[in-house]
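Visitor: mmCIF, C-alpha atoms, file input_6.cif:
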```cif
data_data
#
loop_
_atom_site.label_atom_id
_atom_site.label_comp_id
_atom_site.auth_asym_id
_atom_site.auth_seq_id
_atom_site.Cartn_x
_atom_site.Cartn_y
_atom_site.Cartn_z
CA MET A 68 -11.94 -1.51 -7.35
CA ILE A 69 -11.05 2.11 -6.42
CA ARG A 70 -12.70 5.22 -7.83
CA LEU A 71 -12.11 8.88 -7.05
CA ASP A 72 -14.83 11.26 -8.25
CA ASP A 73 -13.86 14.93 -8.22
CA VAL A 74 -11.92 14.60 -4.96
CA THR A 75 -10.38 17.67 -3.31
CA LYS A 76 -8.32 17.69 -0.11
CA THR A 77 -6.96 20.86 1.51
CA TYR A 78 -4.91 20.92 4.71
CA SER A 79 -5.36 23.53 7.44
CA GLU A 80 -2.49 25.72 6.21
CA GLY A 81 -4.41 26.17 2.98
CA ASN A 82 -2.22 23.75 1.02
CA VAL A 83 -4.27 21.98 -1.64
CA ALA A 84 -3.00 18.38 -1.56
CA LEU A 85 -5.47 17.09 -4.15
CA ARG A 86 -7.57 19.15 -6.53
CA ARG A 87 -10.69 17.71 -8.21
CA ALA A 88 -8.98 14.35 -8.78
CA ASN A 89 -10.66 11.67 -10.87
CA ALA A 90 -9.31 8.13 -11.25
CA ASP A 91 -10.75 4.66 -11.79
CA ILE A 92 -8.52 1.72 -10.80
CA ALA A 93 -9.74 -1.72 -11.83
CA LYS A 94 -9.44 -4.95 -9.84
CA GLY A 95 -6.01 -6.50 -10.32
CA GLU A 96 -4.31 -3.39 -11.71
CA PHE A 97 -0.81 -2.26 -10.71
CA VAL A 98 -0.72 1.54 -10.68
CA PHE A 99 2.17 3.90 -9.94
CA LEU A 100 1.52 7.34 -8.45
CA VAL A 101 4.42 9.59 -9.44
CA GLY A 102 5.34 13.23 -8.97
CA PRO A 103 7.59 15.42 -6.83
CA SER A 104 7.38 15.63 -3.04
CA GLY A 105 4.23 17.49 -2.03
CA SER A 106 2.40 16.64 -5.25
CA GLY A 107 -0.36 14.70 -3.47
CA LYS A 108 0.72 11.05 -3.81
CA SER A 109 0.65 10.14 -0.10
CA THR A 110 -2.57 12.09 0.43
CA MET A 111 -4.21 10.10 -2.35
CA LEU A 112 -3.22 6.83 -0.66
CA ARG A 113 -4.45 8.02 2.76
CA LEU A 114 -7.79 9.00 1.27
CA MET A 115 -8.15 5.52 -0.23
CA ASN A 116 -7.94 3.81 3.17
CA LYS A 117 -9.92 6.54 4.94
CA SER A 118 -6.98 7.76 7.03
CA GLU A 119 -7.89 11.17 5.61
CA GLU A 120 -11.27 12.59 4.64
CA PRO A 121 -11.76 14.62 1.45
CA ASP A 122 -13.17 18.15 1.55
CA SER A 123 -15.35 17.32 -1.42
CA GLY A 124 -15.91 14.53 -3.91
CA ARG A 125 -16.52 10.83 -3.40
CA ILE A 126 -14.25 7.79 -3.05
CA PHE A 127 -15.43 4.27 -3.80
CA VAL A 128 -13.57 1.14 -2.69
CA ALA A 129 -14.87 -2.27 -3.81
CA GLY A 130 -18.11 -0.62 -4.90
CA LYS A 131 -18.78 1.17 -1.59
CA ASP A 132 -18.78 4.93 -1.06
CA ILE A 133 -16.34 5.05 1.87
CA GLY A 134 -17.46 8.57 2.79
CA GLU A 135 -20.77 7.06 3.90
CA LEU A 136 -19.21 4.38 6.11
CA SER A 137 -19.93 4.77 9.81
CA ASN A 138 -16.88 4.69 12.10
CA TRP A 139 -17.48 1.12 13.27
CA LYS A 140 -17.32 -0.12 9.65
CA VAL A 141 -13.92 1.47 8.93
CA PRO A 142 -11.93 -1.47 10.44
CA MET A 143 -13.84 -3.79 8.08
CA LEU A 144 -12.81 -1.62 5.14
CA ARG A 145 -9.17 -1.75 6.23
CA ARG A 146 -9.19 -5.54 6.43
CA ASN A 147 -9.40 -5.41 2.64
CA ILE A 148 -6.54 -2.91 2.34
CA GLY A 149 -2.91 -3.68 3.19
CA SER A 150 -0.50 -0.75 3.66
CA ILE A 151 3.28 -0.63 3.21
CA PHE A 152 5.44 2.34 4.18
CA GLN A 153 8.94 3.65 3.45
CA ASP A 154 9.95 3.33 7.12
CA TYR A 155 8.49 -0.19 7.62
CA LYS A 156 6.62 0.67 10.89
CA LEU A 157 7.52 -2.65 12.53
CA LEU A 158 7.03 -3.24 16.25
CA PRO A 159 10.64 -3.18 17.57
CA ASN A 160 10.12 -5.50 20.55
CA LYS A 161 8.38 -8.25 18.61
CA THR A 162 9.95 -10.93 16.43
CA VAL A 163 9.32 -11.15 12.70
CA ALA A 164 6.65 -13.83 13.25
CA GLU A 165 5.04 -11.81 16.06
CA ASN A 166 4.91 -8.67 13.89
CA VAL A 167 3.06 -10.56 11.18
CA SER A 168 0.87 -12.46 13.66
CA PHE A 169 -0.21 -9.19 15.23
CA ALA A 170 -1.96 -8.16 11.99
CA LEU A 171 -4.16 -11.26 12.30
CA GLU A 172 -4.64 -11.05 16.07
CA VAL A 173 -6.15 -7.54 15.89
CA ILE A 174 -8.86 -8.79 13.53
CA GLY A 175 -9.64 -11.78 15.75
CA ARG A 176 -8.28 -14.64 13.67
CA PRO A 177 -8.10 -17.96 15.59
CA ARG A 178 -4.70 -18.97 16.93
CA ALA A 179 -4.67 -22.12 14.78
CA VAL A 180 -5.18 -20.06 11.62
CA ILE A 181 -2.40 -17.65 12.64
CA LYS A 182 -0.03 -20.55 13.32
CA THR A 183 -0.60 -21.85 9.77
CA GLN A 184 -0.75 -18.59 7.83
CA VAL A 185 2.27 -16.77 9.26
CA PRO A 186 4.92 -19.32 8.20
CA GLN A 187 3.29 -19.53 4.75
CA ILE A 188 3.45 -15.77 4.19
CA LEU A 189 7.02 -15.53 5.51
CA ASP A 190 8.05 -18.20 3.00
CA LEU A 191 6.21 -16.32 0.24
CA VAL A 192 8.16 -13.11 0.89
CA GLY A 193 11.44 -14.98 1.23
CA ILE A 194 12.19 -14.66 4.95
CA GLY A 195 10.90 -17.96 6.33
CA ASP A 196 14.23 -18.47 8.07
CA LYS A 197 14.00 -15.11 9.92
CA ALA A 198 10.81 -15.80 11.92
CA ASP A 199 12.51 -15.57 15.33
CA LYS A 200 14.66 -12.52 14.55
CA GLN A 201 13.82 -9.02 15.77
CA PRO A 202 13.62 -6.06 13.37
CA HIS A 203 16.99 -4.59 14.42
CA GLN A 204 18.67 -7.85 13.40
CA LEU A 205 17.46 -7.51 9.80
CA SER A 206 18.65 -5.54 6.79
CA GLY A 207 16.42 -2.80 5.36
CA GLY A 208 15.25 -5.08 2.56
CA GLU A 209 14.38 -7.84 5.02
CA GLN A 210 12.46 -5.38 7.20
CA GLN A 211 10.47 -4.27 4.17
CA ARG A 212 9.67 -7.92 3.40
CA VAL A 213 8.30 -8.27 6.94
CA SER A 214 6.21 -5.15 6.32
CA ILE A 215 4.87 -6.66 3.09
CA ALA A 216 4.15 -9.98 4.84
CA ARG A 217 2.19 -8.14 7.53
CA ALA A 218 0.22 -6.16 4.92
CA PHE A 219 -0.55 -9.24 2.81
CA VAL A 220 -1.08 -11.96 5.44
CA ASN A 221 -4.84 -11.34 5.43
CA ARG A 222 -4.89 -11.57 1.61
CA PRO A 223 -6.39 -8.09 1.12
CA LEU A 224 -8.07 -7.01 -2.11
CA ILE A 225 -5.85 -3.91 -2.27
CA LEU A 226 -2.24 -3.13 -1.36
CA LEU A 227 -1.28 0.54 -0.91
CA ALA A 228 2.48 1.16 -0.92
CA ASP A 229 3.95 4.56 -0.04
CA GLU A 230 7.57 4.78 -1.31
CA PRO A 231 8.27 1.14 -0.29
CA THR A 232 11.73 1.18 -1.93
CA GLY A 233 12.67 4.70 -0.79
CA ASN A 234 15.18 3.56 1.85
CA LEU A 235 16.63 0.66 -0.13
CA ASP A 236 19.61 0.27 -2.44
CA PRO A 237 18.77 -0.37 -6.13
CA GLN A 238 19.40 -4.13 -6.06
CA THR A 239 17.28 -4.64 -2.92
CA ALA A 240 14.56 -2.45 -4.44
CA ILE A 241 14.42 -4.75 -7.48
CA GLY A 242 13.75 -7.72 -5.18
CA ILE A 243 10.93 -5.84 -3.42
CA MET A 244 9.36 -4.91 -6.78
CA ARG A 245 9.49 -8.53 -7.93
CA LEU A 246 7.67 -9.48 -4.75
CA LEU A 247 5.00 -6.81 -5.25
CA ASP A 248 4.61 -7.95 -8.86
CA ARG A 249 4.11 -11.54 -7.68
CA ILE A 250 1.48 -10.39 -5.17
CA ASN A 251 -0.27 -8.39 -7.90
CA LYS A 252 -0.39 -11.50 -10.08
CA THR A 253 -2.42 -13.28 -7.38
CA GLY A 254 -5.19 -10.76 -8.14
CA THR A 255 -4.43 -8.09 -5.52
CA THR A 256 -4.75 -4.50 -6.76
CA VAL A 257 -1.52 -2.58 -6.06
CA VAL A 258 -1.26 1.22 -5.89
CA MET A 259 2.29 2.44 -5.26
CA ALA A 260 3.62 5.96 -4.76
CA THR A 261 7.24 6.34 -5.84
CA HIS A 262 9.98 8.75 -6.89
CA ASP A 263 11.99 5.96 -8.52
CA ALA A 264 11.89 6.54 -12.27
CA LYS A 265 13.98 3.43 -12.98
CA ILE A 266 11.47 1.13 -11.30
CA VAL A 267 8.54 2.73 -13.14
CA ASP A 268 10.36 2.56 -16.48
CA THR A 269 11.26 -1.11 -15.94
CA MET A 270 7.78 -2.22 -14.85
CA GLN A 271 5.85 -0.38 -17.61
CA ARG A 272 2.53 -0.31 -15.75
CA ARG A 273 -0.15 2.35 -15.50
CA VAL A 274 1.18 5.72 -14.31
CA ILE A 275 -0.87 8.46 -12.64
CA GLN A 276 1.25 11.58 -12.41
CA LEU A 277 0.48 14.35 -9.91
CA ASP A 278 1.74 17.92 -9.75
CA THR A 279 0.70 20.31 -6.94
CA GLY A 280 -2.44 18.27 -6.28
CA ASN A 281 -3.50 17.92 -9.92
CA ILE A 282 -3.56 14.71 -11.93
CA VAL A 283 -1.61 15.78 -15.01
CA ARG A 284 -1.22 12.37 -16.67
CA ASP A 285 -2.91 8.99 -16.53
CA GLU A 286 -1.36 6.54 -18.96
CA ARG A 287 -1.19 2.76 -19.25
CA GLU A 288 2.03 0.78 -19.82
CA ALA A 289 3.95 3.99 -19.28
CA SER A 290 7.36 5.19 -18.19
CA TYR A 291 8.03 7.84 -15.55
CA GLY A 292 8.81 10.73 -17.87
#
```
So, in terms of structure tokens, how does the structure I just supplied come out?
Guide:
Amino acid sequence: MIRLDDVTKTYSEGNVALRRANADIAKGEFVFLVGPSGSGKSTMLRLMNKSEEPDSGRIFVAGKDIGELSNWKVPMLRRNIGSIFQDYKLLPNKTVAENVSFALEVIGRPRAVIKTQVPQILDLVGIGDKADKQPHQLSGGEQQRVSIARAFVNRPLILLADEPTGNLDPQTAIGIMRLLDRINKTGTTVVMATHDAKIVDTMQRRVIQLDTGNIVRDEREASYG
């Protein structure tokens, strides 16, 4: 589903964010990216959805070399990739339902489809009763559920999650991980960057560990340490 072949990414200050990285993530896998701040986790996710371009190497998503995609095809690529962030990135002046609807509106889905799909996805993530609330009226965990609903409403092949539990208390984080696990079990590939050793140890999924841009470990059914 996702393959990195010898991928290097250096930022303008000369910081090497990723150094000759190789990874092959199969359809339906749940993979944790772990490592300290600055190790390259977020860069790896941004390269996967073409928010960043590598200096060298090739990245394949769903069998396509995304480095060869022309600019007008990038939105099509991103329809197959949902993204979740630590700070939710919700639109503050829109309701929960409007935030999720917006993800379908921008890709031109018919109004009738949106009207059906949005309530279904809000029920799936456990906030069907919050459709008319605005983000500031929600707890952090509820806001993250809206973010997940927005990322998943188009049923993407891949979900990229960058520290999705980073701002949440441990109990709320467990609920978010159960939700991501449920989404993964529908067949969606999940790649999640995290610092949370407890979550990784509990889930026992594949772990790709980074250190100063290098992949230093790639192990299945693994713990953080």
Visitor: Which residues would end up in the selection if the PyMOL selection byres ((chain A and resi 227) around 10) were applied here, given that I need the answer as a VMD selection string?
Guide: chain A and resid 98 109 112 to 113 115 to 116 148 to 152 218 225 to 226 228 to 231 256 to 260
Visitor: Could you turn the residues from that selection into a file that holds C-alpha atoms, as a PDB file, in the coordinates of the input?
Guide:
```
ATOM      1  CA  VAL A  98      -0.720   1.540 -10.680  1.00  0.00           C
ATOM      2  CA  SER A 109       0.650  10.140  -0.100  1.00  0.00           C
ATOM      3  CA  LEU A 112      -3.220   6.830  -0.660  1.00  0.00           C
ATOM      4  CA  ARG A 113      -4.450   8.020   2.760  1.00  0.00           C
ATOM      5  CA  MET A 115      -8.150   5.520  -0.230  1.00  0.00           C
ATOM      6  CA  ASN A 116      -7.940   3.810   3.170  1.00  0.00           C
ATOM      7  CA  ILE A 148      -6.540  -2.910   2.340  1.00  0.00           C
ATOM      8  CA  GLY A 149      -2.910  -3.680   3.190  1.00  0.00           C
ATOM      9  CA  SER A 150      -0.500  -0.750   3.660  1.00  0.00           C
ATOM     10  CA  ILE A 151       3.280  -0.630   3.210  1.00  0.00           C
ATOM     11  CA  PHE A 152       5.440   2.340   4.180  1.00  0.00           C
ATOM     12  CA  ALA A 218       0.220  -6.160   4.920  1.00  0.00           C
ATOM     13  CA  ILE A 225      -5.850  -3.910  -2.270  1.00  0.00           C
ATOM     14  CA  LEU A 226      -2.240  -3.130  -1.360  1.00  0.00           C
ATOM     15  CA  ALA A 228       2.480   1.160  -0.920  1.00  0.00           C
ATOM     16  CA  ASP A 229       3.950   4.560  -0.040  1.00  0.00           C
ATOM     17  CA  GLU A 230       7.570   4.780  -1.310  1.00  0.00           C
ATOM     18  CA  PRO A 231       8.270   1.140  -0.290  1.00  0.00           C
ATOM     19  CA  THR A 256      -4.750  -4.500  -6.760  1.00  0.00           C
ATOM     20  CA  VAL A 257      -1.520  -2.580  -6.060  1.00  0.00           C
ATOM     21  CA  VAL A 258      -1.260   1.220  -5.890  1.00  0.00           C
ATOM     22  CA  MET A 259       2.290   2.440  -5.260  1.00  0.00           C
ATOM     23  CA  ALA A 260       3.620   5.960  -4.760  1.00  0.00           C
TER      24      ALA A 260
END
```
Visitor: Decode the PyMOL selection byres ((chain A and resi 94) around 9) for the given file into explicit residues and return them as a list in words.
Guide: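 Against this file, the PyMOL selection byres ((chain A and resi 94) around 9) returns the residues Met68, Ile69, Ile92, Ala93, Gly95, Glu96, Ala129, Leu224, Ile225, Gly254, Thr255 and Thr256 of chain A.
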Visitor: Which residues of region 126-176 of chain A come within 12 Å of region 82-91 of chain A, and for each one, what is the closest pair of atoms and their distance in Å to one decimal, counting all atoms listed in the file, sorted by chain and residue number, as a tab-separated table?
Guide:
```
residue	atom	partner	partner_atom	distance
A:Ile126	CA	A:Asn89	CA	9.4
A:Phe127	CA	A:Asp91	CA	9.3
A:Val128	CA	A:Asp91	CA	10.2
A:Ala129	CA	A:Asp91	CA	11.3
A:Gly130	CA	A:Asp91	CA	11.4
```
Visitor: For the selection just defined, write its residues with C-alpha atoms to a file, as a CSV table (one decimal), keeping the file's coordinate frame.
Guide:
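Full text of out-v5.csv as output:
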```csv
chain,number,residue,atom,x,y,z
A,126,ILE,CA,-14.2,7.8,-3.0
A,127,PHE,CA,-15.4,4.3,-3.8
A,128,VAL,CA,-13.6,1.1,-2.7
A,129,ALA,CA,-14.9,-2.3,-3.8
A,130,GLY,CA,-18.1,-0.6,-4.9
```
Visitor: For CA of Asn221 (chain A) and CA of Lys117 (chain A), determine how far apart the two atoms are, in Å to one decimal place.
Guide: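 CA of Asn221 (chain A) sits 18.6 Å away from CA of Lys117 (chain A).
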Visitor: For CA of Ala170 (chain A) and CA of Leu114 (chain A), determine how far apart the two atoms are, in Å to one decimal place.
Guide: 21.1 Å
Visitor: Counting only C-alpha atoms, which of A:Asp285, A:Glu172, A:Glu80, A:Glu119 gets nearest to Val220 (chain A)?
Guide: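 Looking at the shortest contact to Val220 (chain A), the residue is A:Glu172.
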